[in-house]
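K.L.:
File final19.csv follows (CSV, C-alpha atoms):
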chain,number,residue,atom,x,y,z
A,1,MET,CA,117.2,118.5,90.5
A,2,LYS,CA,114.9,118.3,93.6
A,3,VAL,CA,116.0,116.1,96.5
A,4,TYR,CA,115.1,115.3,100.1
A,5,GLU,CA,118.2,115.4,102.4
A,6,LEU,CA,118.5,114.2,105.9
A,7,ARG,CA,120.1,116.9,108.0
A,8,GLY,CA,120.8,115.3,111.3
A,9,ALA,CA,118.5,112.8,113.2
A,10,ASN,CA,116.0,115.0,114.9
A,11,GLY,CA,112.8,113.3,113.9
A,12,LEU,CA,110.7,114.4,110.9
A,13,GLU,CA,112.1,117.9,111.0
A,14,SER,CA,115.4,116.3,109.8
A,15,ILE,CA,113.8,115.7,106.3
A,16,VAL,CA,114.6,118.8,104.2
A,17,ARG,CA,113.7,119.4,100.6
A,18,GLY,CA,116.5,121.0,98.6
A,19,GLU,CA,118.2,121.1,95.2
A,20,ARG,CA,121.4,119.7,93.8
A,21,PRO,CA,123.1,119.9,90.4
A,22,GLU,CA,122.0,117.3,87.9
A,23,PRO,CA,124.6,114.4,87.9
A,24,VAL,CA,126.4,113.2,84.8
A,25,PRO,CA,127.3,109.5,84.5
A,26,GLU,CA,131.0,108.7,84.3
A,27,ARG,CA,132.5,105.5,83.1
A,28,GLY,CA,130.6,102.5,84.3
A,29,GLN,CA,127.7,104.5,85.7
A,30,ILE,CA,124.0,104.9,84.8
A,31,LEU,CA,121.7,107.9,85.3
A,32,VAL,CA,118.2,107.0,86.4
A,33,ARG,CA,115.1,109.3,86.4
A,34,MET,CA,113.3,108.1,89.5
A,35,LYS,CA,109.6,107.4,89.1
A,36,ALA,CA,108.7,106.1,92.6
A,37,TRP,CA,110.1,105.4,96.1
A,38,SER,CA,109.0,103.4,99.2
A,39,LEU,CA,109.6,103.7,102.9
A,40,ASN,CA,110.9,101.2,105.4
A,41,HIS,CA,110.8,101.1,109.2
A,42,ARG,CA,114.6,101.6,108.8
A,43,ASP,CA,113.9,105.1,107.5
A,44,LEU,CA,112.2,106.0,110.8
A,45,LEU,CA,115.1,104.6,112.8
A,46,ILE,CA,117.5,106.8,110.9
A,47,VAL,CA,115.7,110.1,111.4
A,48,ASN,CA,115.0,109.3,115.0
A,49,ASN,CA,118.7,108.7,115.9
A,50,ASN,CA,118.1,105.0,116.5
A,51,TYR,CA,120.2,103.5,113.7
A,52,ASN,CA,123.3,102.0,115.3
A,53,GLY,CA,124.7,105.4,116.0
A,54,LEU,CA,124.8,106.4,112.3
A,55,VAL,CA,123.6,110.0,111.9
A,56,PRO,CA,123.2,111.4,108.4
A,57,ASN,CA,124.7,114.7,107.6
A,58,GLY,CA,123.1,116.0,104.4
A,59,SER,CA,122.8,112.7,102.6
A,60,ILE,CA,119.8,112.0,100.3
A,61,ALA,CA,117.1,110.0,102.0
A,62,LEU,CA,115.7,106.5,101.4
A,63,SER,CA,117.1,103.3,100.1
A,64,ASP,CA,114.2,102.1,97.9
A,65,GLY,CA,113.1,103.4,94.5
A,66,ALA,CA,112.6,102.6,90.9
A,67,GLY,CA,113.0,104.5,87.6
A,68,GLU,CA,114.1,104.6,84.0
A,69,VAL,CA,117.7,104.8,82.7
A,70,ILE,CA,118.1,108.0,80.7
A,71,ALA,CA,121.8,108.0,80.1
A,72,VAL,CA,124.8,105.7,80.5
A,73,GLY,CA,128.5,106.3,80.9
A,74,GLU,CA,131.3,105.0,78.8
A,75,GLY,CA,131.8,101.2,79.1
A,76,VAL,CA,128.4,100.4,80.4
A,77,ARG,CA,127.2,97.0,79.1
A,78,ARG,CA,124.4,95.9,81.4
A,79,PHE,CA,121.9,98.7,80.7
A,80,ARG,CA,120.8,101.1,78.1
A,81,ALA,CA,118.5,104.2,78.0
A,82,GLY,CA,114.9,103.2,78.5
A,83,ASP,CA,115.6,100.2,80.8
A,84,ARG,CA,113.4,100.0,84.0
A,85,VAL,CA,115.7,99.6,87.0
A,86,SER,CA,116.1,99.8,90.8
A,87,PRO,CA,119.3,100.9,92.5
A,88,THR,CA,120.3,98.3,95.0
A,89,PHE,CA,120.1,98.8,98.7
A,90,SER,CA,123.9,98.8,99.2
A,91,SER,CA,126.3,101.0,97.3
A,92,SER,CA,129.1,98.5,97.8
A,93,TRP,CA,127.8,94.9,98.4
A,94,ILE,CA,127.7,93.2,95.0
A,95,SER,CA,127.8,89.5,95.9
A,96,GLY,CA,129.0,86.9,98.4
A,97,PRO,CA,129.0,87.5,102.2
A,98,MET,CA,128.6,91.0,103.6
A,99,ALA,CA,131.9,92.7,104.6
A,100,ALA,CA,132.2,94.6,107.9
A,101,THR,CA,132.6,97.8,105.8
A,102,ASP,CA,129.4,97.4,103.8
A,103,PRO,CA,126.8,98.7,106.3
A,104,ALA,CA,128.3,102.2,106.1
A,105,GLY,CA,127.5,102.1,102.4
A,106,PHE,CA,123.8,101.3,102.8
A,107,ARG,CA,121.8,104.0,101.0
A,108,GLY,CA,119.9,106.7,102.8
A,109,ALA,CA,122.0,106.9,106.0
A,110,LEU,CA,125.7,108.0,105.8
A,111,VAL,CA,125.7,107.8,102.0
A,112,ASP,CA,123.2,109.2,99.5
A,113,GLY,CA,119.9,107.4,99.1
A,114,VAL,CA,117.5,107.6,96.2
A,115,LEU,CA,114.9,110.2,97.1
A,116,ALA,CA,115.9,112.5,94.3
A,117,GLU,CA,114.6,113.2,90.8
A,118,LEU,CA,117.8,111.8,89.3
A,119,VAL,CA,120.1,109.1,90.8
A,120,ILE,CA,123.4,108.0,89.5
A,121,CYS,CA,125.0,104.6,90.4
A,122,ASP,CA,127.5,102.1,89.2
A,123,GLU,CA,125.9,99.6,86.7
A,124,ARG,CA,126.7,96.8,89.2
A,125,GLN,CA,124.5,98.6,91.8
A,126,ALA,CA,121.3,98.4,89.9
A,127,VAL,CA,118.9,95.6,88.7
A,128,MET,CA,116.3,95.3,86.1
A,129,ILE,CA,112.8,95.3,87.5
A,130,PRO,CA,110.2,92.5,86.6
A,131,ASP,CA,108.1,93.4,83.6
A,132,HIS,CA,104.8,92.8,85.3
A,133,LEU,CA,105.5,95.4,88.1
A,134,SER,CA,104.7,99.1,87.9
A,135,PHE,CA,107.4,101.5,89.0
A,136,GLN,CA,105.5,102.0,92.3
A,137,GLU,CA,105.4,98.2,93.0
A,138,ALA,CA,109.1,97.8,92.0
A,139,ALA,CA,110.1,100.6,94.4
A,140,CYS,CA,108.9,98.4,97.3
A,141,LEU,CA,111.5,95.7,96.7
A,142,PRO,CA,115.1,96.8,97.5
A,143,CYS,CA,115.1,96.6,101.3
A,144,ALA,CA,112.1,94.7,102.7
A,145,ALA,CA,111.7,92.2,99.9
A,146,VAL,CA,115.4,91.4,99.6
A,147,THR,CA,115.5,90.9,103.4
A,148,ALA,CA,112.6,88.5,103.3
A,149,TRP,CA,114.2,86.6,100.4
A,150,ASN,CA,117.6,86.4,102.2
A,151,ALA,CA,115.9,85.0,105.3
A,152,LEU,CA,114.0,82.3,103.5
A,153,PHE,CA,116.4,81.4,100.7
A,154,GLY,CA,119.7,81.8,102.4
A,155,PRO,CA,122.1,78.9,103.4
A,156,ARG,CA,119.3,76.5,104.3
A,157,PRO,CA,116.4,77.6,102.1
A,158,VAL,CA,112.7,77.0,102.8
A,159,ILE,CA,111.3,74.0,100.9
A,160,SER,CA,107.9,72.8,100.1
A,161,GLY,CA,106.0,71.4,103.0
A,162,GLN,CA,108.0,73.2,105.7
A,163,THR,CA,106.3,75.7,108.1
A,164,VAL,CA,107.2,79.4,108.3
A,165,LEU,CA,106.2,81.8,111.1
A,166,THR,CA,106.0,85.5,110.4
A,167,LEU,CA,105.5,88.3,113.0
A,168,GLY,CA,103.3,91.3,112.3
A,169,THR,CA,102.4,92.7,108.9
A,170,GLY,CA,105.2,95.1,108.2
A,171,GLY,CA,107.0,95.1,104.8
A,172,VAL,CA,109.4,92.2,105.5
A,173,SER,CA,106.7,90.0,107.0
A,174,ILE,CA,104.3,90.6,104.1
A,175,PHE,CA,106.9,89.7,101.6
A,176,ALA,CA,107.9,86.6,103.7
A,177,ILE,CA,104.3,85.4,103.5
A,178,GLN,CA,104.2,85.8,99.8
A,179,PHE,CA,107.6,84.2,99.2
A,180,ALA,CA,107.0,81.3,101.6
A,181,ASN,CA,103.6,80.6,99.9
A,182,ALA,CA,105.3,80.6,96.5
A,183,ALA,CA,107.7,78.0,97.8
A,184,GLY,CA,104.9,75.7,98.9
A,185,ALA,CA,105.4,76.3,102.6
A,186,ARG,CA,102.7,76.5,105.3
A,187,VAL,CA,102.6,80.0,106.8
A,188,ILE,CA,101.5,81.0,110.3
A,189,SER,CA,101.2,84.7,110.9
A,190,THR,CA,100.8,86.8,114.0
A,191,SER,CA,99.3,90.3,114.4
A,192,SER,CA,97.4,92.3,117.0
A,193,SER,CA,94.7,93.2,114.3
A,194,ASN,CA,92.2,90.9,112.9
A,195,GLU,CA,91.9,93.2,109.9
A,196,LYS,CA,95.7,92.8,109.2
A,197,LEU,CA,95.4,89.0,109.8
A,198,GLU,CA,92.7,88.8,107.1
A,199,VAL,CA,95.1,90.5,104.7
A,200,ALA,CA,97.8,88.0,105.7
A,201,ARG,CA,95.4,85.1,104.8
A,202,ARG,CA,94.7,86.7,101.4
A,203,LEU,CA,98.4,86.8,100.7
A,204,GLY,CA,99.0,83.1,101.6
A,205,ALA,CA,99.0,82.7,105.4
A,206,THR,CA,97.5,79.3,106.3
A,207,GLU,CA,96.8,80.1,110.0
A,208,THR,CA,96.8,83.3,111.9
A,209,ILE,CA,97.2,84.2,115.6
A,210,ASN,CA,96.0,87.4,117.2
A,211,TYR,CA,98.6,88.0,119.9
A,212,HIS,CA,96.3,90.2,121.9
A,213,VAL,CA,93.9,87.3,122.2
A,214,SER,CA,96.8,84.8,122.7
A,215,PRO,CA,99.6,86.7,124.4
A,216,GLU,CA,101.6,83.4,124.9
A,217,TRP,CA,101.4,82.9,121.1
A,218,GLN,CA,104.3,80.4,121.1
A,219,ASP,CA,101.9,77.9,122.7
A,220,GLU,CA,99.4,78.4,119.9
A,221,VAL,CA,102.2,77.9,117.3
A,222,LEU,CA,103.1,74.6,119.0
A,223,ARG,CA,99.5,73.6,119.1
A,224,LEU,CA,99.1,74.3,115.4
A,225,THR,CA,102.2,72.3,114.6
A,226,ASP,CA,101.3,69.3,116.9
A,227,GLY,CA,104.1,70.3,119.3
A,228,ARG,CA,106.8,70.2,116.6
A,229,GLY,CA,107.3,73.9,116.0
A,230,VAL,CA,108.1,75.7,112.8
A,231,ASP,CA,111.1,75.4,110.4
A,232,HIS,CA,111.7,79.1,109.9
A,233,VAL,CA,110.8,82.2,111.9
A,234,VAL,CA,111.1,85.6,110.3
A,235,GLU,CA,111.8,87.5,113.5
A,236,VAL,CA,111.3,91.2,113.2
A,237,GLY,CA,110.3,92.0,116.8
A,238,GLY,CA,113.6,91.9,118.6
A,239,GLY,CA,114.2,91.4,122.3
A,240,GLY,CA,110.5,91.5,123.2
A,241,THR,CA,109.6,88.5,121.0
A,242,ILE,CA,112.8,86.5,120.5
A,243,ASN,CA,112.3,84.0,123.4
A,244,ARG,CA,108.8,83.2,122.1
A,245,SER,CA,110.1,82.9,118.5
A,246,VAL,CA,112.8,80.4,119.6
A,247,ALA,CA,110.3,78.5,121.7
A,248,SER,CA,108.1,78.3,118.5
A,249,THR,CA,111.0,76.8,116.5
A,250,ALA,CA,111.4,73.1,115.7
A,251,VAL,CA,114.6,71.2,116.4
A,252,GLY,CA,116.9,72.0,113.5
A,253,GLY,CA,114.9,75.1,112.7
A,254,GLN,CA,116.1,78.6,112.0
A,255,ILE,CA,115.3,82.0,113.5
A,256,HIS,CA,116.1,84.8,111.1
A,257,MET,CA,116.8,87.8,113.2
A,258,ILE,CA,115.9,91.0,111.3
A,259,GLY,CA,114.3,93.6,113.4
A,260,ALA,CA,114.9,95.2,116.8
A,261,LEU,CA,111.6,96.9,117.5
A,262,SER,CA,111.8,96.0,121.2
A,263,THR,CA,114.5,95.2,123.8
A,264,GLY,CA,114.9,92.2,126.0
A,265,ALA,CA,117.2,89.3,126.8
A,266,LEU,CA,117.5,85.9,125.0
A,267,ASN,CA,117.5,82.8,127.2
A,268,PRO,CA,120.4,80.8,125.6
A,269,ARG,CA,119.0,77.6,126.9
A,270,LEU,CA,116.2,77.8,124.3
A,271,LEU,CA,118.8,77.4,121.6
A,272,VAL,CA,120.3,74.2,123.0
A,273,SER,CA,118.0,71.9,120.9
A,274,TRP,CA,120.0,72.6,117.7
A,275,LYS,CA,118.2,75.7,116.7
A,276,THR,CA,120.0,78.3,114.6
A,277,LEU,CA,119.8,82.1,115.3
A,278,ARG,CA,120.8,83.9,112.1
A,279,GLY,CA,121.3,87.6,111.7
A,280,ILE,CA,120.0,89.2,108.4
A,281,MET,CA,121.1,92.5,107.0
A,282,VAL,CA,119.1,92.9,103.7
A,283,GLY,CA,121.2,91.4,100.9
A,284,SER,CA,123.6,92.0,98.0
A,285,ALA,CA,122.9,93.1,94.5
A,286,THR,CA,123.1,89.5,93.4
A,287,ASP,CA,120.5,88.6,96.1
A,288,HIS,CA,118.3,91.3,94.7
A,289,ALA,CA,118.6,90.0,91.1
A,290,SER,CA,117.9,86.4,92.3
A,291,MET,CA,114.8,87.6,94.3
A,292,ASN,CA,113.5,89.4,91.2
A,293,ARG,CA,113.5,86.1,89.3
A,294,LEU,CA,111.3,84.6,92.0
A,295,VAL,CA,109.0,87.6,91.9
A,296,ASP,CA,108.9,87.5,88.1
A,297,PHE,CA,108.2,83.7,87.8
A,298,HIS,CA,105.4,83.7,90.4
A,299,ARG,CA,104.0,87.1,89.3
A,300,ILE,CA,104.2,88.3,92.9
A,301,GLN,CA,102.9,91.9,93.5
A,302,PRO,CA,103.9,94.0,96.5
A,303,LEU,CA,101.1,95.1,98.7
A,304,ILE,CA,100.9,98.9,98.7
A,305,SER,CA,99.1,100.6,101.5
A,306,ASP,CA,99.1,104.2,100.4
A,307,VAL,CA,100.7,106.5,97.8
A,308,PHE,CA,101.9,110.0,98.5
A,309,SER,CA,103.2,112.7,96.1
A,310,PHE,CA,106.8,113.8,96.1
A,311,GLU,CA,105.7,117.1,97.7
A,312,ASP,CA,104.1,115.2,100.5
A,313,THR,CA,107.1,113.1,101.5
A,314,VAL,CA,107.1,114.2,105.1
A,315,GLU,CA,103.4,113.2,105.4
A,316,ALA,CA,104.4,109.7,104.0
A,317,TYR,CA,107.0,109.4,106.8
A,318,ARG,CA,104.3,110.5,109.3
A,319,TYR,CA,101.8,108.0,108.0
A,320,LEU,CA,104.3,105.1,108.3
A,321,GLU,CA,105.2,106.3,111.9
A,322,SER,CA,101.5,106.1,112.8
A,323,GLY,CA,101.5,102.3,112.4
A,324,SER,CA,98.3,102.4,110.3
A,325,ALA,CA,99.8,101.0,107.1
A,326,ILE,CA,99.0,97.5,105.9
A,327,GLY,CA,101.7,97.1,103.2
A,328,LYS,CA,104.2,99.5,101.8
A,329,VAL,CA,104.0,103.3,101.9
A,330,VAL,CA,105.0,104.6,98.5
A,331,ILE,CA,106.0,108.1,97.1
A,332,LYS,CA,105.3,108.8,93.5
A,333,ALA,CA,107.1,111.3,91.2
Turn the structure described in the file into structure tokens.
P.N.:
Amino acid sequence: MKVYELRGANGLESIVRGERPEPVPERGQILVRMKAWSLNHRDLLIVNNNYNGLVPNGSIALSDGAGEVIAVGEGVRRFRAGDRVSPTFSSSWISGPMAATDPAGFRGALVDGVLAELVICDERQAVMIPDHLSFQEAACLPCAAVTAWNALFGPRPVISGQTVLTLGTGGVSIFAIQFANAAGARVISTSSSNEKLEVARRLGATETINYHVSPEWQDEVLRLTDGRGVDHVVEVGGGGTINRSVASTAVGGQIHMIGALSTGALNPRLLVSWKTLRGIMVGSATDHASMNRLVDFHRIQPLISDVFSFEDTVEAYRYLESGSAIGKVVIKA
């Protein structure tokens, strides 16, 4: 079978097309013929040696994909041939809190990902995909969508009437807009592009802020909320935005720390007013299944920017790296 392996972390030249023997499912495993895959900013961090010191050594690329079950091993009860599924982001985290050992098992870094014609996994490490989604749309969910879901529906979930702030229009932020809107929340979104802000409005953002026009955007957030601040911040910027995010948050609000696109120092005094800074690391297989129920009920459809062929995988990485995408970058079989 054809695969794309990550041989080191030397930029795009690390992505190498190769072949492996076709896997055979053992007891408790399913074999999936992959139909589509999607990229995340995480995939760029991995190939650019910026992923917490974890350097791949021949592992299959990518964490996100969807396909059809074509064979099952002995004892499998959850799936049968013909089912449409996605392997989950983690190869070990099934439910409950994340363990310290789980990050090493996240797909597409130290362990095999899903950018292969055939993928084998434990039946507990896959979920059925919503009926209304195509394979390409379902391939967008395992990392970015589960992360957004975990942020907004974690220990203190968003409720109708609350206000959510999203930063930028990357995959996590786009899903956060859609999920918050489905929950009946007000959404304030930021971006440097008016074109991208218009997309955010179409997906459910109530108000938008161009941070090139308003570089002190936390002041605009406070103005829009009559000085109160927001209940949830989906914080993907990192050190360069965290102080403004905390300043934008209401007393009792939560800042869900996801990304680290920039460096900087947090002023701890900003957290004194009973604001919670919460780290997010995608989610478990149970989280993925729960999120799918939300996606299914509200008929939510991922926003796809561009679709590349399997043969043009490196070009898909290059396009994501350009920053031009509005929505997910997808690879089709």
K.L.:
Would you list the contacts of region 34-49 of chain A as JSON, numbers by chain, taking every protein, DNA or RNA residue within 9 Å and counting only C-alpha atoms, but skipping same-chain residues closer than 5 positions in sequence?
P.N.:
{"A": [6, 7, 8, 9, 10, 11, 12, 13, 14, 15, 54, 55, 56, 61, 62, 63, 64, 65, 66, 67, 68, 69, 86, 108, 109, 114, 115, 116, 117, 118, 119, 135, 136, 137, 138, 139, 140, 141, 143, 144, 170, 171, 307, 310, 316, 317, 320, 321, 328, 329, 330, 331, 332, 333]}
K.L.:
Could you pull the residues within 10 Å of region 215-217 of chain A, counting all atoms listed in the file, minus those fewer than 2 positions along the same chain, as an MDAnalysis selection string?
P.N.:
chainID A and resid 190 192 209:213 219:223 241 244:245 247:248
K.L.:
Keeping only C-alpha atoms, take the residues you just selected and write them out as a tab-separated table (two decimals), keeping the file's coordinate frame.
P.N.:
chain	number	residue	atom	x	y	z
A	190	THR	CA	100.80	86.80	114.00
A	192	SER	CA	97.40	92.30	117.00
A	209	ILE	CA	97.20	84.20	115.60
A	210	ASN	CA	96.00	87.40	117.20
A	211	TYR	CA	98.60	88.00	119.90
A	212	HIS	CA	96.30	90.20	121.90
A	213	VAL	CA	93.90	87.30	122.20
A	219	ASP	CA	101.90	77.90	122.70
A	220	GLU	CA	99.40	78.40	119.90
A	221	VAL	CA	102.20	77.90	117.30
A	222	LEU	CA	103.10	74.60	119.00
A	223	ARG	CA	99.50	73.60	119.10
A	241	THR	CA	109.60	88.50	121.00
A	244	ARG	CA	108.80	83.20	122.10
A	245	SER	CA	110.10	82.90	118.50
A	247	ALA	CA	110.30	78.50	121.70
A	248	SER	CA	108.10	78.30	118.50
K.L.:
Please, what distance in Å, to one decimal, runs between CA of Asn150 (chain A) and CA of Val164 (chain A)?
P.N.:
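Computing it gives 13.9 Å between the two atoms.
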K.L.:
Which residues are near Val199 (chain A)? Cut-off 9 Å, only C-alpha atoms, ignore same chain within fewer than 6 positions. Put them as a list of chain:residue names.
P.N.:
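What passes the distance filter is A:Thr169, A:Ala205, A:Ile326.
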K.L.:
For the atom pair CA of Val158 (chain A) and CA of Leu303 (chain A), what is the interatomic distance in Å to one decimal place?
P.N.:
21.9 Å
K.L.:
Between CA of Val230 (chain A) and CA of Ala151 (chain A), measure the distance and give it in Å to one decimal.
P.N.:
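Taking CA of Val230 (chain A) and CA of Ala151 (chain A), their separation equals 14.3 Å.
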K.L.:
Give the answer as one residue: which of A:Gly28, A:Gly82, A:Pro23, A:Pro130 has the shortest atom-to-atom distance to Arg293 (chain A), using only C-alpha atoms?
P.N.:
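For Arg293 (chain A), the nearest of the candidates is A:Pro130.
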K.L.:
A:Leu31, A:Ala200, A:Leu277, A:Val85: which is nearest Gln254 (chain A), counting all atoms listed in the file?
P.N.:
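Checking each of A:Leu31, A:Ala200, A:Leu277, A:Val85 against Gln254 (chain A), counting all atoms listed in the file, the winner is A:Leu277.
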K.L.:
Fewer than 2 positions away in the same chain doesn't count, so skip those; otherwise give me all residues within 9 Å of region 124-129 of chain A, counting all atoms listed in the file, as number ranges by chain.
P.N.:
A: 28-30, 66, 78-79, 83-94, 121-122, 131-135, 138, 285-286, 288-289, 292, 296
K.L.:
For Leu165 (chain A), which residue out of A:Gly18, A:Gly253, A:Gly327, A:Gly238 is the nearest one, using all atoms listed in the file?
P.N.:
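Looking only at the distances to Leu165 (chain A), the closest residue turns out to be A:Gly253.
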